[in-house]
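S.K.: target-v7.txt is reproduced in full below (compact mmCIF, N, CA and C atoms).
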```txt
# COMPACT_ATOMS: atom_id res chain seq x y z
N MET I 1 -0.48 6.62 1.32
CA MET I 1 0.69 7.47 1.15
C MET I 1 1.91 6.65 0.78
N ARG I 2 2.08 5.54 1.49
CA ARG I 2 3.23 4.68 1.23
C ARG I 2 3.21 4.14 -0.20
N ARG I 3 2.00 3.77 -0.70
CA ARG I 3 1.87 3.28 -2.07
C ARG I 3 2.23 4.37 -3.07
N ALA I 4 1.83 5.58 -2.79
CA ALA I 4 2.14 6.70 -3.70
C ALA I 4 3.64 6.90 -3.79
N ILE I 5 4.34 6.84 -2.66
CA ILE I 5 5.79 7.01 -2.66
C ILE I 5 6.45 5.87 -3.42
N LEU I 6 5.97 4.63 -3.21
CA LEU I 6 6.52 3.48 -3.93
C LEU I 6 6.28 3.62 -5.43
N SER I 7 5.11 4.11 -5.81
CA SER I 7 4.81 4.30 -7.22
C SER I 7 5.74 5.33 -7.86
N VAL I 8 5.98 6.43 -7.15
CA VAL I 8 6.88 7.46 -7.65
C VAL I 8 8.28 6.90 -7.79
N CYS I 9 8.73 6.15 -6.80
CA CYS I 9 10.07 5.53 -6.85
C CYS I 9 10.17 4.58 -8.04
N LEU I 10 9.11 3.80 -8.28
CA LEU I 10 9.12 2.87 -9.40
C LEU I 10 9.20 3.61 -10.73
N VAL I 11 8.44 4.68 -10.87
CA VAL I 11 8.48 5.48 -12.10
C VAL I 11 9.87 6.06 -12.32
N ILE I 12 10.49 6.56 -11.25
CA ILE I 12 11.84 7.12 -11.36
C ILE I 12 12.82 6.03 -11.76
N MET I 13 12.72 4.86 -11.13
CA MET I 13 13.64 3.75 -11.45
C MET I 13 13.45 3.30 -12.89
N LEU I 14 12.21 3.22 -13.36
CA LEU I 14 11.97 2.81 -14.74
C LEU I 14 12.53 3.84 -15.70
N GLY I 15 12.37 5.10 -15.37
CA GLY I 15 12.92 6.16 -16.21
C GLY I 15 14.42 6.08 -16.29
N LEU I 16 15.08 5.79 -15.17
CA LEU I 16 16.53 5.67 -15.17
C LEU I 16 16.99 4.45 -15.94
N SER I 17 16.21 3.38 -15.92
CA SER I 17 16.62 2.17 -16.63
C SER I 17 16.54 2.33 -18.14
N LEU I 18 15.84 3.35 -18.61
CA LEU I 18 15.75 3.57 -20.05
C LEU I 18 16.96 4.29 -20.62
N GLN I 19 17.79 4.90 -19.79
CA GLN I 19 18.93 5.66 -20.27
C GLN I 19 19.92 4.87 -21.12
N PRO I 20 20.26 3.62 -20.79
CA PRO I 20 21.26 2.90 -21.58
C PRO I 20 20.90 2.71 -23.05
N VAL I 21 19.66 2.95 -23.43
CA VAL I 21 19.28 2.78 -24.83
C VAL I 21 20.16 3.64 -25.73
N THR I 22 20.49 4.85 -25.31
CA THR I 22 21.36 5.72 -26.09
C THR I 22 22.73 5.08 -26.27
N ALA I 23 23.29 4.54 -25.21
CA ALA I 23 24.59 3.88 -25.30
C ALA I 23 24.50 2.67 -26.22
N ARG I 24 23.39 1.95 -26.14
CA ARG I 24 23.22 0.76 -26.96
C ARG I 24 23.19 1.16 -28.44
N ALA I 25 22.48 2.23 -28.76
CA ALA I 25 22.42 2.68 -30.14
C ALA I 25 23.80 3.08 -30.64
N ALA I 26 24.60 3.67 -29.77
CA ALA I 26 25.96 4.05 -30.16
C ALA I 26 26.77 2.81 -30.53
N ARG I 27 26.62 1.72 -29.78
CA ARG I 27 27.35 0.49 -30.10
C ARG I 27 26.93 -0.04 -31.46
N GLU I 28 25.65 0.01 -31.76
CA GLU I 28 25.17 -0.47 -33.05
C GLU I 28 25.72 0.40 -34.18
N ASP I 29 25.74 1.71 -33.95
CA ASP I 29 26.32 2.63 -34.94
C ASP I 29 27.81 2.35 -35.13
N ASP I 30 28.50 2.04 -34.03
CA ASP I 30 29.93 1.72 -34.12
C ASP I 30 30.17 0.43 -34.90
N ILE I 31 29.32 -0.57 -34.70
CA ILE I 31 29.45 -1.81 -35.47
C ILE I 31 29.27 -1.50 -36.95
N LEU I 32 28.27 -0.70 -37.27
CA LEU I 32 28.04 -0.31 -38.66
C LEU I 32 29.26 0.39 -39.24
N ALA I 33 29.82 1.34 -38.51
CA ALA I 33 30.99 2.08 -38.98
C ALA I 33 32.19 1.14 -39.19
N LEU I 34 32.40 0.22 -38.27
CA LEU I 34 33.53 -0.72 -38.40
C LEU I 34 33.33 -1.66 -39.58
N MET I 35 32.11 -2.13 -39.78
CA MET I 35 31.86 -2.99 -40.94
C MET I 35 32.06 -2.21 -42.23
N ASN I 36 31.58 -0.97 -42.27
CA ASN I 36 31.76 -0.16 -43.47
C ASN I 36 33.22 0.15 -43.74
N ASN I 37 34.01 0.33 -42.68
CA ASN I 37 35.45 0.53 -42.85
C ASN I 37 36.09 -0.71 -43.48
N ALA I 38 35.73 -1.88 -42.97
CA ALA I 38 36.27 -3.13 -43.51
C ALA I 38 35.83 -3.31 -44.96
N ARG I 39 34.59 -2.97 -45.27
CA ARG I 39 34.10 -3.07 -46.64
C ARG I 39 34.86 -2.11 -47.56
N ALA I 40 35.09 -0.88 -47.09
CA ALA I 40 35.80 0.12 -47.89
C ALA I 40 37.22 -0.35 -48.21
N GLN I 41 37.87 -1.01 -47.25
CA GLN I 41 39.22 -1.52 -47.48
C GLN I 41 39.24 -2.59 -48.57
N GLN I 42 38.09 -3.21 -48.83
CA GLN I 42 37.98 -4.21 -49.89
C GLN I 42 37.35 -3.64 -51.16
N GLY I 43 37.18 -2.31 -51.17
CA GLY I 43 36.61 -1.65 -52.35
C GLY I 43 35.11 -1.79 -52.48
N LEU I 44 34.43 -2.14 -51.39
CA LEU I 44 32.98 -2.32 -51.41
C LEU I 44 32.28 -1.08 -50.89
N GLY I 45 31.05 -0.88 -51.34
CA GLY I 45 30.26 0.25 -50.88
C GLY I 45 29.77 0.07 -49.46
N ALA I 46 29.39 1.17 -48.85
CA ALA I 46 28.89 1.16 -47.47
C ALA I 46 27.48 0.58 -47.43
N VAL I 47 27.14 0.01 -46.29
CA VAL I 47 25.78 -0.43 -46.01
C VAL I 47 25.17 0.55 -45.02
N SER I 48 23.84 0.62 -45.00
CA SER I 48 23.16 1.51 -44.07
C SER I 48 22.25 0.71 -43.15
N LEU I 49 21.87 1.34 -42.04
CA LEU I 49 20.93 0.70 -41.12
C LEU I 49 19.52 0.77 -41.69
N ASP I 50 18.81 -0.31 -41.56
CA ASP I 50 17.45 -0.41 -42.05
C ASP I 50 16.54 -0.73 -40.86
N SER I 51 15.46 0.02 -40.71
CA SER I 51 14.60 -0.16 -39.53
C SER I 51 13.91 -1.52 -39.51
N THR I 52 13.51 -2.04 -40.67
CA THR I 52 12.89 -3.36 -40.71
C THR I 52 13.89 -4.43 -40.29
N LEU I 53 15.10 -4.37 -40.82
CA LEU I 53 16.13 -5.34 -40.45
C LEU I 53 16.54 -5.19 -38.99
N THR I 54 16.51 -3.97 -38.47
CA THR I 54 16.82 -3.77 -37.06
C THR I 54 15.78 -4.45 -36.17
N THR I 55 14.52 -4.35 -36.55
CA THR I 55 13.46 -5.05 -35.80
C THR I 55 13.67 -6.56 -35.86
N VAL I 56 14.05 -7.06 -37.02
CA VAL I 56 14.33 -8.50 -37.16
C VAL I 56 15.52 -8.88 -36.27
N ALA I 57 16.57 -8.05 -36.27
CA ALA I 57 17.74 -8.32 -35.45
C ALA I 57 17.38 -8.30 -33.96
N GLN I 58 16.50 -7.40 -33.55
CA GLN I 58 16.06 -7.35 -32.16
C GLN I 58 15.33 -8.63 -31.78
N THR I 59 14.49 -9.10 -32.67
CA THR I 59 13.77 -10.36 -32.43
C THR I 59 14.75 -11.52 -32.29
N ARG I 60 15.69 -11.59 -33.22
CA ARG I 60 16.65 -12.70 -33.19
C ARG I 60 17.58 -12.61 -31.98
N ALA I 61 17.97 -11.40 -31.58
CA ALA I 61 18.85 -11.26 -30.41
C ALA I 61 18.14 -11.77 -29.16
N ALA I 62 16.87 -11.44 -29.02
CA ALA I 62 16.10 -11.94 -27.87
C ALA I 62 15.98 -13.46 -27.94
N GLU I 63 15.74 -13.99 -29.14
CA GLU I 63 15.66 -15.44 -29.31
C GLU I 63 16.98 -16.12 -28.96
N CYS I 64 18.09 -15.48 -29.32
CA CYS I 64 19.41 -16.07 -29.04
C CYS I 64 19.68 -16.18 -27.55
N SER I 65 19.02 -15.36 -26.75
CA SER I 65 19.21 -15.49 -25.30
C SER I 65 18.59 -16.79 -24.79
N ALA I 66 17.61 -17.31 -25.52
CA ALA I 66 16.99 -18.59 -25.16
C ALA I 66 17.72 -19.75 -25.82
N ARG I 67 18.21 -19.52 -27.03
CA ARG I 67 18.91 -20.57 -27.79
C ARG I 67 19.89 -19.89 -28.73
N PHE I 68 21.18 -19.91 -28.37
CA PHE I 68 22.19 -19.24 -29.19
C PHE I 68 22.53 -20.14 -30.37
N SER I 69 21.86 -19.86 -31.47
CA SER I 69 21.99 -20.73 -32.64
C SER I 69 21.34 -20.03 -33.82
N HIS I 70 21.69 -20.47 -35.01
CA HIS I 70 20.99 -20.01 -36.20
C HIS I 70 19.67 -20.78 -36.36
N ILE I 71 19.41 -21.69 -35.45
CA ILE I 71 18.11 -22.36 -35.35
C ILE I 71 17.33 -21.62 -34.26
N ARG I 72 16.15 -21.19 -34.59
CA ARG I 72 15.33 -20.41 -33.67
C ARG I 72 14.80 -21.30 -32.53
N PRO I 73 14.38 -20.71 -31.42
CA PRO I 73 13.84 -21.51 -30.32
C PRO I 73 12.65 -22.39 -30.73
N ASN I 74 11.93 -22.01 -31.79
CA ASN I 74 10.80 -22.82 -32.26
C ASN I 74 11.24 -23.97 -33.16
N GLY I 75 12.57 -24.11 -33.35
CA GLY I 75 13.10 -25.21 -34.14
C GLY I 75 13.26 -24.90 -35.63
N LYS I 76 12.82 -23.72 -36.04
CA LYS I 76 12.92 -23.34 -37.45
C LYS I 76 14.24 -22.60 -37.71
N ALA I 77 14.63 -22.54 -38.98
CA ALA I 77 15.87 -21.87 -39.38
C ALA I 77 15.76 -20.36 -39.17
N TRP I 78 16.91 -19.71 -39.00
CA TRP I 78 16.97 -18.27 -38.72
C TRP I 78 16.21 -17.44 -39.74
N TYR I 79 16.26 -17.81 -41.01
CA TYR I 79 15.67 -16.99 -42.07
C TYR I 79 14.15 -16.99 -42.05
N THR I 80 13.54 -17.85 -41.25
CA THR I 80 12.08 -17.85 -41.15
C THR I 80 11.57 -16.68 -40.33
N VAL I 81 12.46 -15.93 -39.70
CA VAL I 81 12.04 -14.78 -38.90
C VAL I 81 11.47 -13.68 -39.79
N SER I 82 11.95 -13.56 -41.04
CA SER I 82 11.49 -12.50 -41.94
C SER I 82 11.97 -12.77 -43.36
N SER I 83 11.17 -12.37 -44.31
CA SER I 83 11.60 -12.48 -45.71
C SER I 83 12.53 -11.33 -46.09
N SER I 84 12.75 -10.39 -45.17
CA SER I 84 13.62 -9.23 -45.44
C SER I 84 15.10 -9.53 -45.28
N THR I 85 15.43 -10.63 -44.62
CA THR I 85 16.83 -10.92 -44.33
C THR I 85 17.37 -12.04 -45.23
N ASN I 86 18.64 -11.86 -45.64
CA ASN I 86 19.29 -12.84 -46.52
C ASN I 86 20.51 -13.50 -45.88
N ALA I 87 20.99 -12.95 -44.77
CA ALA I 87 22.15 -13.51 -44.08
C ALA I 87 22.12 -13.02 -42.63
N GLU I 88 22.81 -13.75 -41.76
CA GLU I 88 22.79 -13.42 -40.33
C GLU I 88 24.14 -13.70 -39.69
N ASN I 89 24.61 -12.74 -38.88
CA ASN I 89 25.77 -12.94 -38.03
C ASN I 89 25.33 -12.81 -36.58
N LEU I 90 25.84 -13.71 -35.74
CA LEU I 90 25.54 -13.70 -34.31
C LEU I 90 26.83 -13.53 -33.52
N ALA I 91 26.69 -12.96 -32.33
CA ALA I 91 27.80 -12.91 -31.38
C ALA I 91 27.22 -13.07 -29.98
N HIS I 92 28.00 -13.70 -29.11
CA HIS I 92 27.60 -13.95 -27.73
C HIS I 92 28.71 -13.43 -26.84
N ALA I 93 28.39 -12.43 -26.03
CA ALA I 93 29.40 -11.80 -25.18
C ALA I 93 29.11 -12.10 -23.71
N VAL I 94 30.10 -12.65 -23.03
CA VAL I 94 29.93 -12.96 -21.62
C VAL I 94 30.57 -11.90 -20.71
N ASN I 95 31.26 -10.92 -21.31
CA ASN I 95 31.85 -9.84 -20.52
C ASN I 95 31.85 -8.54 -21.34
N ASP I 96 32.19 -7.45 -20.69
CA ASP I 96 32.16 -6.14 -21.35
C ASP I 96 33.09 -6.07 -22.56
N ALA I 97 34.26 -6.66 -22.46
CA ALA I 97 35.22 -6.59 -23.56
C ALA I 97 34.68 -7.28 -24.81
N GLN I 98 34.02 -8.41 -24.64
CA GLN I 98 33.51 -9.15 -25.79
C GLN I 98 32.38 -8.44 -26.51
N GLN I 99 31.68 -7.57 -25.79
CA GLN I 99 30.55 -6.88 -26.45
C GLN I 99 30.94 -5.54 -27.07
N GLN I 100 32.20 -5.16 -26.94
CA GLN I 100 32.67 -3.92 -27.57
C GLN I 100 32.60 -4.08 -29.09
N PRO I 101 32.08 -3.06 -29.79
CA PRO I 101 31.91 -3.17 -31.24
C PRO I 101 33.15 -3.64 -31.99
N GLU I 102 34.33 -3.13 -31.61
CA GLU I 102 35.54 -3.54 -32.33
C GLU I 102 35.82 -5.02 -32.16
N ASN I 103 35.47 -5.60 -31.02
CA ASN I 103 35.70 -7.03 -30.80
C ASN I 103 34.65 -7.88 -31.51
N VAL I 104 33.43 -7.39 -31.55
CA VAL I 104 32.37 -8.11 -32.27
C VAL I 104 32.72 -8.19 -33.75
N VAL I 105 33.05 -7.04 -34.35
CA VAL I 105 33.37 -7.01 -35.78
C VAL I 105 34.65 -7.81 -36.06
N LEU I 106 35.65 -7.70 -35.21
CA LEU I 106 36.89 -8.47 -35.40
C LEU I 106 36.58 -9.97 -35.40
N ALA I 107 35.76 -10.42 -34.47
CA ALA I 107 35.40 -11.85 -34.43
C ALA I 107 34.71 -12.26 -35.72
N TRP I 108 33.81 -11.43 -36.22
CA TRP I 108 33.15 -11.76 -37.48
C TRP I 108 34.12 -11.78 -38.64
N LEU I 109 35.08 -10.85 -38.66
CA LEU I 109 36.03 -10.81 -39.77
C LEU I 109 37.04 -11.95 -39.72
N LEU I 110 37.25 -12.52 -38.54
CA LEU I 110 38.17 -13.65 -38.41
C LEU I 110 37.52 -14.98 -38.77
N SER I 111 36.21 -14.99 -38.88
CA SER I 111 35.48 -16.20 -39.26
C SER I 111 35.12 -16.11 -40.74
N PRO I 112 35.57 -17.05 -41.55
CA PRO I 112 35.31 -16.96 -43.00
C PRO I 112 33.83 -16.82 -43.36
N THR I 113 32.96 -17.55 -42.70
CA THR I 113 31.54 -17.46 -43.06
C THR I 113 30.92 -16.14 -42.62
N HIS I 114 31.30 -15.65 -41.45
CA HIS I 114 30.78 -14.36 -40.98
C HIS I 114 31.35 -13.21 -41.82
N LYS I 115 32.63 -13.32 -42.15
CA LYS I 115 33.27 -12.29 -42.99
C LYS I 115 32.59 -12.23 -44.36
N ALA I 116 32.24 -13.38 -44.90
CA ALA I 116 31.56 -13.42 -46.20
C ALA I 116 30.25 -12.62 -46.15
N ASN I 117 29.54 -12.69 -45.04
CA ASN I 117 28.31 -11.91 -44.90
C ASN I 117 28.62 -10.41 -44.86
N VAL I 118 29.62 -10.02 -44.09
CA VAL I 118 30.00 -8.61 -43.99
C VAL I 118 30.42 -8.08 -45.36
N MET I 119 31.09 -8.91 -46.15
CA MET I 119 31.65 -8.47 -47.42
C MET I 119 30.78 -8.78 -48.63
N ARG I 120 29.54 -9.17 -48.42
CA ARG I 120 28.65 -9.47 -49.55
C ARG I 120 28.52 -8.24 -50.45
N GLN I 121 28.86 -8.40 -51.72
CA GLN I 121 28.87 -7.27 -52.65
C GLN I 121 27.49 -6.66 -52.85
N ASN I 122 26.46 -7.48 -52.88
CA ASN I 122 25.12 -6.97 -53.18
C ASN I 122 24.36 -6.51 -51.93
N CYS I 123 25.00 -6.51 -50.79
CA CYS I 123 24.37 -6.07 -49.55
C CYS I 123 24.35 -4.54 -49.49
N THR I 124 23.19 -3.97 -49.20
CA THR I 124 23.09 -2.51 -49.10
C THR I 124 22.62 -2.04 -47.73
N SER I 125 22.01 -2.94 -46.96
CA SER I 125 21.52 -2.51 -45.64
C SER I 125 21.56 -3.66 -44.64
N VAL I 126 21.59 -3.26 -43.37
CA VAL I 126 21.67 -4.22 -42.27
C VAL I 126 20.78 -3.75 -41.13
N GLY I 127 20.53 -4.66 -40.22
CA GLY I 127 19.91 -4.34 -38.94
C GLY I 127 20.78 -4.92 -37.86
N ILE I 128 21.05 -4.16 -36.81
CA ILE I 128 21.96 -4.60 -35.75
C ILE I 128 21.25 -4.41 -34.41
N ALA I 129 21.40 -5.40 -33.53
CA ALA I 129 20.77 -5.29 -32.22
C ALA I 129 21.62 -5.96 -31.15
N TYR I 130 21.61 -5.33 -29.98
CA TYR I 130 22.18 -5.89 -28.76
C TYR I 130 21.02 -6.28 -27.86
N TYR I 131 21.17 -7.40 -27.15
CA TYR I 131 20.14 -7.83 -26.20
C TYR I 131 20.83 -8.43 -24.99
N LYS I 132 20.50 -7.92 -23.82
CA LYS I 132 21.06 -8.47 -22.59
C LYS I 132 20.08 -9.49 -22.04
N GLY I 133 20.52 -10.74 -21.96
CA GLY I 133 19.67 -11.82 -21.49
C GLY I 133 19.53 -11.83 -19.99
N ALA I 134 18.59 -12.64 -19.52
CA ALA I 134 18.35 -12.78 -18.08
C ALA I 134 19.58 -13.31 -17.36
N ASN I 135 20.45 -14.01 -18.09
CA ASN I 135 21.67 -14.55 -17.51
C ASN I 135 22.77 -13.50 -17.40
N GLY I 136 22.49 -12.26 -17.84
CA GLY I 136 23.47 -11.18 -17.78
C GLY I 136 24.42 -11.15 -18.96
N GLU I 137 24.30 -12.10 -19.86
CA GLU I 137 25.15 -12.15 -21.03
C GLU I 137 24.48 -11.37 -22.17
N THR I 138 25.29 -10.91 -23.12
CA THR I 138 24.80 -10.07 -24.20
C THR I 138 24.84 -10.83 -25.52
N TYR I 139 23.80 -10.64 -26.31
CA TYR I 139 23.67 -11.29 -27.61
C TYR I 139 23.60 -10.19 -28.66
N ILE I 140 24.42 -10.30 -29.68
CA ILE I 140 24.49 -9.30 -30.72
C ILE I 140 24.15 -9.97 -32.05
N VAL I 141 23.26 -9.34 -32.81
CA VAL I 141 22.82 -9.90 -34.08
C VAL I 141 22.92 -8.84 -35.16
N CYS I 142 23.38 -9.28 -36.32
CA CYS I 142 23.36 -8.44 -37.52
C CYS I 142 22.61 -9.21 -38.59
N GLU I 143 21.56 -8.60 -39.10
CA GLU I 143 20.79 -9.17 -40.21
C GLU I 143 21.14 -8.39 -41.47
N PHE I 144 21.39 -9.09 -42.54
CA PHE I 144 21.79 -8.49 -43.82
C PHE I 144 20.67 -8.67 -44.84
N ASN I 145 20.53 -7.68 -45.74
CA ASN I 145 19.52 -7.85 -46.80
C ASN I 145 20.15 -8.57 -47.97
```
Just dump the structure as structure tokens.
M.R.:
Amino acid sequence: MRRAILSVCLVIMLGLSLQPVTARAAREDDILALMNNARAQQGLGAVSLDSTLTTVAQTRAAECSARFSHIRPNGKAWYTVSSSTNAENLAHAVNDAQQQPENVVLAWLLSPTHKANVMRQNCTSVGIAYYKGANGETYIVCEFN
């Protein structure tokens, strides 16, 4: 009986832990909207979310929790993760304010190399992912085609 109650509690807890996914998707959508706003101000077309690039971004965000770098934990360059990606922006947030979409995009726009990726004229799609590491810090990745 006790095991059955513990199992039910575990299922309920797991179900509750899945709820933030909706909030996470909203942050990714907000990053996309903010990047598209910045692109529009420069006369550039909007980019859209791509499911393949999003999967790549999810992989890289998880990797960044082990090694925050454009060098992957296996020692290879970031672009070896997939032939679908042509550029990459990373962000590392240690608190709630730093992981807010407006602060992530602002940081990228203040960095010449990251801004160049956001403003690439031939870019049409991106993948964006948030990943909360075991250390409680958040890693944000944008992969560009």
S.K.: So for segment 122-137 of chain I, what box centre and size do we get, axis-aligned, 4 Å extra on each of the six sides, every listed atom, Å to one decimal, as lines of an AutoDock Vina configuration file?
M.R.:
```
center_x = 22.4
center_y = -8.3
center_z = -35.3
size_x = 16.1
size_y = 20.5
size_z = 43.8
```
S.K.: Could you go through segment 56-137 of chain I and tell me which residues DSSP, when run on the backbone, assigns to strand (DSSP E), listing them as a VMD selection string?
M.R.: chain I and resid 87 to 93 125 to 132
S.K.: Of the candidates I:Thr55, I:Glu137, I:Gly45, I:Ala87, which one gets nearest to Gln121 of chain I if we count only N, CA and C atoms?
M.R.: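 Checking each of I:Thr55, I:Glu137, I:Gly45, I:Ala87 against Gln121 of chain I, counting only N, CA and C atoms, the winner is I:Gly45.
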S.K.: From the list I:Ala38, I:Ile140, I:Ile71, I:Ala26, which residue is nearest Met119 of chain I when using only N, CA and C atoms?
M.R.: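 Smallest distance to Met119 of chain I is found for I:Ala38.
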S.K.: What separation in Å, quoted to one decimal, exists between atom CA of Lys132 of chain I and atom CA of Glu63 of chain I?
M.R.: 11.1 Å
S.K.: Just want the 9 Å neighbourhood of Ile31 of chain I, counted on only C-alpha atoms, with same-chain residues fewer than 4 positions away dropped. Output as a ChimeraX atom specification.
M.R.: /I:26-27,35-36,100-102,104-105,128
S.K.: Could you work out how far atom CA of Gln41 of chain I lies from atom CA of Ser84 of chain I, giving the answer in Å with one decimal?
M.R.: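 Atom-to-atom, atom CA of Ser84 of chain I and atom CA of Gln41 of chain I are spaced 26.8 Å apart.
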S.K.: In Å, with one decimal, what is the gap from atom CA of Ala93 of chain I to atom CA of Thr138 of chain I?
M.R.: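 These atoms are spaced 5.0 Å apart.
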S.K.: According to DSSP computed on the backbone, where in chain I is there helix (DSSP H, G or I)? Give the residues as a PyMOL selection string.
M.R.: chain I and resi 2-17+20-41+51-66+78-81+101-110+112-118
S.K.: Using all atoms listed in the file for the distances, tell me which of I:Leu34, I:Val47, I:Val56, I:Leu106 is nearest to Cys123 of chain I.
M.R.: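 The shortest atom-to-atom distance to Cys123 of chain I comes from I:Val47.
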S.K.: Rank nothing, just name the residue among I:Pro112, I:Gly75, I:Gly43, I:Gly127 nearest to Phe144 of chain I, using only C-alpha atoms.
M.R.: I:Gly127
S.K.: Of the candidates I:Asn95, I:Ser65, I:Ser51, I:Asn145, which one gets nearest to Tyr79 of chain I if we count only C-alpha atoms?
M.R.: I:Asn145
S.K.: I:Val94, I:Leu53, I:Thr59, I:Phe68: which is nearest Val126 of chain I, counting only N, CA and C atoms?
M.R.: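 Closest residue, counting only N, CA and C atoms: I:Leu53.
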S.K.: With all atoms listed in the file counted, which protein, DNA or RNA residues have an atom no more than 8 Å from (18.2, -19.6, -28.2) in the file frame? Please answer as a list in words.
M.R.: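 Checked against the point, the hits come out as Arg60, Ala61, Ala62, Glu63, Cys64, Ser65, Ala66, Arg67, Phe68, Ser69, His70, Ile71, Arg72, Pro73 and Asn74 of chain I.
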